[in-house]
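Have a look at run.cif below; it lists mmCIF, C-alpha atoms.
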```cif
data_entry
loop_
_atom_site.label_atom_id
_atom_site.label_comp_id
_atom_site.auth_asym_id
_atom_site.auth_seq_id
_atom_site.Cartn_x
_atom_site.Cartn_y
_atom_site.Cartn_z
CA MET A 1472 151.66 1.12 146.62
CA GLU A 1473 151.26 4.09 149.00
CA ARG A 1474 147.90 4.57 150.62
CA MET A 1475 145.67 7.24 149.14
CA ARG A 1476 145.07 10.23 151.37
CA ILE A 1477 142.79 13.23 151.22
CA ARG A 1478 144.64 16.52 151.52
CA PRO A 1479 143.97 20.17 150.77
CA ALA A 1480 144.51 20.88 147.08
CA THR A 1481 147.10 23.50 146.14
CA PRO A 1482 147.48 25.79 143.12
CA GLU A 1483 150.19 23.40 141.89
CA ASP A 1484 147.41 20.77 141.51
CA PHE A 1485 145.16 22.88 139.25
CA VAL A 1486 146.47 21.56 135.92
CA ARG A 1487 146.04 17.98 137.14
CA LEU A 1488 142.53 18.72 138.45
CA ALA A 1489 141.52 19.99 135.00
CA ALA A 1490 142.89 16.81 133.38
CA ILE A 1491 140.93 14.67 135.86
CA GLU A 1492 137.79 16.71 135.20
CA ARG A 1493 138.10 16.25 131.42
CA ALA A 1494 138.83 12.51 131.74
CA ALA A 1495 135.82 12.00 134.03
CA ALA A 1496 133.59 14.02 131.66
CA ALA A 1497 134.56 11.72 128.78
CA ARG A 1498 132.54 8.91 130.44
CA PHE A 1499 129.27 10.79 129.87
CA ASP A 1500 127.02 10.34 126.87
CA PRO A 1501 126.65 13.59 124.88
CA GLN A 1502 122.89 13.46 125.62
CA ASP A 1503 123.73 13.81 129.31
CA LEU A 1504 126.73 16.12 129.13
CA PRO A 1505 126.75 18.28 126.00
CA PRO A 1506 130.16 18.28 124.25
CA ALA A 1507 130.63 22.00 124.89
CA LEU A 1508 130.38 21.34 128.62
CA SER A 1509 132.50 18.19 128.66
CA ALA A 1510 135.50 20.21 127.45
CA ASP A 1511 134.99 22.90 130.12
CA THR A 1512 136.84 22.78 133.40
CA LEU A 1513 136.50 24.78 136.58
CA PRO A 1514 137.97 28.27 136.19
CA THR A 1515 141.26 28.93 137.97
CA GLU A 1516 139.61 31.75 139.92
CA GLU A 1517 137.01 29.32 141.30
CA LEU A 1518 139.67 26.77 142.22
CA SER A 1519 141.74 29.51 143.89
CA ALA A 1520 138.77 30.75 145.90
CA ALA A 1521 137.89 27.23 147.05
CA CYS A 1522 141.55 26.62 147.96
CA ALA A 1523 141.67 29.81 150.00
CA ALA A 1524 138.43 28.85 151.77
CA GLY A 1525 139.77 25.36 152.58
CA LEU A 1526 137.04 23.74 150.47
CA LEU A 1527 139.06 22.02 147.72
CA TRP A 1528 140.53 18.60 148.47
CA ALA A 1529 142.62 16.16 146.49
CA ALA A 1530 142.83 12.37 146.72
CA ALA A 1531 146.55 11.71 146.28
CA ASP A 1532 149.29 9.15 146.72
CA ALA A 1533 152.98 9.07 145.82
CA ASP A 1534 152.04 8.91 142.11
CA GLY A 1535 150.05 12.15 142.30
CA VAL A 1536 146.47 13.36 142.44
CA HIS A 1537 143.74 10.97 141.26
CA GLY A 1538 140.55 12.76 142.32
CA PHE A 1539 139.20 15.93 143.86
CA LEU A 1540 136.18 17.55 145.45
CA LEU A 1541 135.29 21.24 145.39
CA ALA A 1542 132.66 22.42 147.87
CA ARG A 1543 130.92 25.69 148.67
CA ARG A 1544 129.26 26.79 151.86
CA HIS A 1545 125.66 28.01 151.56
CA ASP A 1546 123.84 28.98 154.73
CA ASP A 1547 123.71 25.81 156.88
CA SER A 1548 124.85 23.51 154.06
CA LEU A 1549 128.02 22.39 152.36
CA HIS A 1550 127.33 22.04 148.63
CA LEU A 1551 129.46 19.42 146.89
CA GLN A 1552 129.81 21.36 143.67
CA GLU A 1553 132.25 19.17 141.73
CA MET A 1554 133.75 15.77 142.41
CA ASP A 1555 135.80 13.87 139.87
CA VAL A 1556 137.96 10.77 140.01
CA CYS A 1557 140.29 9.53 137.27
CA PRO A 1558 138.49 6.80 135.33
CA SER A 1559 141.41 4.41 135.97
CA ARG A 1560 140.97 4.92 139.73
CA GLN A 1561 137.18 4.76 139.93
CA GLY A 1562 135.70 2.01 142.07
CA GLN A 1563 138.56 2.14 144.57
CA GLY A 1564 136.83 4.24 147.23
CA LEU A 1565 138.29 7.65 146.35
CA GLY A 1566 134.88 9.26 145.86
CA SER A 1567 133.66 7.84 149.16
CA ALA A 1568 136.79 9.09 150.92
CA LEU A 1569 136.36 12.58 149.46
CA ILE A 1570 132.71 12.67 150.58
CA ALA A 1571 133.65 11.44 154.08
CA HIS A 1572 136.26 14.21 154.29
CA ALA A 1573 133.75 16.86 153.17
CA GLU A 1574 131.28 15.54 155.74
CA ALA A 1575 133.88 15.80 158.53
CA VAL A 1576 134.68 19.37 157.50
CA ALA A 1577 130.96 20.28 157.37
CA ARG A 1578 130.40 18.80 160.83
CA GLY A 1579 133.41 20.74 162.13
CA LEU A 1580 131.86 23.93 160.76
CA GLY A 1581 128.57 23.13 162.51
CA LEU A 1582 126.68 22.74 159.23
CA ARG A 1583 123.43 20.76 159.08
CA ARG A 1584 123.70 18.98 155.73
CA LEU A 1585 125.61 18.17 152.60
CA MET A 1586 123.89 19.01 149.31
CA LEU A 1587 124.60 18.36 145.66
CA THR A 1588 123.06 18.05 142.21
CA THR A 1589 123.65 15.03 140.02
CA PHE A 1590 122.22 12.88 137.24
CA GLU A 1591 119.35 10.75 138.48
CA HIS A 1592 119.79 7.89 136.00
CA LEU A 1593 123.53 7.11 136.00
CA ALA A 1594 124.82 4.40 138.34
CA TRP A 1595 127.88 6.43 139.32
CA ASN A 1596 125.72 9.46 140.14
CA ALA A 1597 122.46 9.46 142.17
CA PRO A 1598 122.63 5.72 143.09
CA PHE A 1599 126.26 6.17 144.20
CA TYR A 1600 125.28 9.05 146.50
CA GLN A 1601 122.24 7.17 147.81
CA GLY A 1602 124.62 4.44 148.93
CA ARG A 1603 126.43 7.08 150.98
CA GLY A 1604 123.35 8.35 152.81
CA PHE A 1605 122.08 11.02 150.40
CA ARG A 1606 118.38 11.39 149.63
CA THR A 1607 116.70 13.08 146.69
CA ILE A 1608 114.96 16.35 147.46
CA ALA A 1609 112.20 17.80 145.29
CA ALA A 1610 113.18 21.03 143.54
CA ALA A 1611 110.28 22.81 145.27
CA ASP A 1612 111.78 21.84 148.65
CA CYS A 1613 115.30 23.05 147.80
CA PRO A 1614 116.65 26.27 149.26
CA PRO A 1615 116.57 29.12 146.69
CA TRP A 1616 120.31 28.88 145.97
CA LEU A 1617 120.00 25.18 145.08
CA ARG A 1618 116.96 25.81 142.86
CA ALA A 1619 119.11 28.39 141.07
CA VAL A 1620 121.84 25.76 140.57
CA LEU A 1621 119.33 23.34 139.03
CA ARG A 1622 117.95 26.09 136.80
CA ALA A 1623 121.42 27.08 135.60
CA GLU A 1624 122.29 23.45 134.88
CA ALA A 1625 119.13 23.08 132.79
CA GLU A 1626 119.94 26.28 130.90
CA HIS A 1627 123.35 24.79 130.04
CA GLY A 1628 121.72 21.67 128.58
CA LEU A 1629 122.00 19.28 131.52
CA ARG A 1630 118.94 17.03 131.76
CA ARG A 1631 117.63 14.55 134.31
CA ARG A 1632 119.32 16.30 137.19
CA VAL A 1633 118.22 15.97 140.79
CA ALA A 1634 119.15 17.65 144.04
CA MET A 1635 120.23 15.46 146.93
CA PHE A 1636 121.05 16.04 150.59
CA LYS A 1637 122.54 14.21 153.51
CA PRO A 1638 121.53 15.39 156.98
CA LEU A 1639 124.37 15.79 159.46
CA ALA A 1640 122.31 15.93 162.67
#
```
For the file at hand, write its structure as structure tokens.
Amino acid sequence: MERMRIRPATPEDFVRLAAIERAAAARFDPQDLPPALSADTLPTEELSAACAAGLLWAAADADGVHGFLLARRHDDSLHLQEMDVCPSRQGQGLGSALIAHAEAVARGLGLRRLMLTTFEHLAWNAPFYQGRGFRTIAAADCPPWLRAVLRAEAEHGLRRRVAMFKPLA
């Protein structure tokens, strides 16, 4: 089996990224991820913008794409907006490799931290990120843009969400 590598995603990957996103969403209980949201995928325009900015990466091997990470730059931070791995490939280090790649890019851009929002109570969410050096940050201590993300998530029915950061100093 060919080794997995992290590479820039391309528009040709978008259909596969949506399939990965839906498959990953199926793991969530409807109390955590409302059914209306679990069927949603990132809009093509958002994927295209992230591609153009060099902030959309795919975990791929000879069999195709098995995971992806979409990031956005905010001030001195790189926000890990969406990361999904095919359920059949979870637990194989793809998420960790995607995060390590995002961290290297953020360092190369001179950014000070990685940031994200996630579920606090699911093993493959906040505890997963804690194992990769992320720490929870109180909403009151978040930059305004991240507080807005948390607010929007709550308005869409997402509960038990936390913000996390990883310093890059």
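Nearest residue to Val1536 of chain A, choosing from A:Pro1638, A:Pro1615, A:Gly1562, A:Pro1479 and counting all atoms listed in the file: A:Pro1479.
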Could you tell me how far atom CA of Leu1639 of chain A lies from atom CA of Cys1522 of chain A, in Å and to one decimal?
23.3 Å
Could you give me, as a PyMOL selection string, the residues that sit within 12 Å of (126.9, 4.5, 149.5) in the file's coordinates, counting only C-alpha atoms?
chain A and resi 1562+1564+1566-1568+1570-1571+1594-1606+1637
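The interatomic distance for the pair atom CA of Arg1478 of chain A and atom CA of Leu1527 of chain A works out to 8.7 Å.
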Computed gap from atom CA of Ala1531 of chain A to atom CA of Met1475 of chain A is 5.4 Å
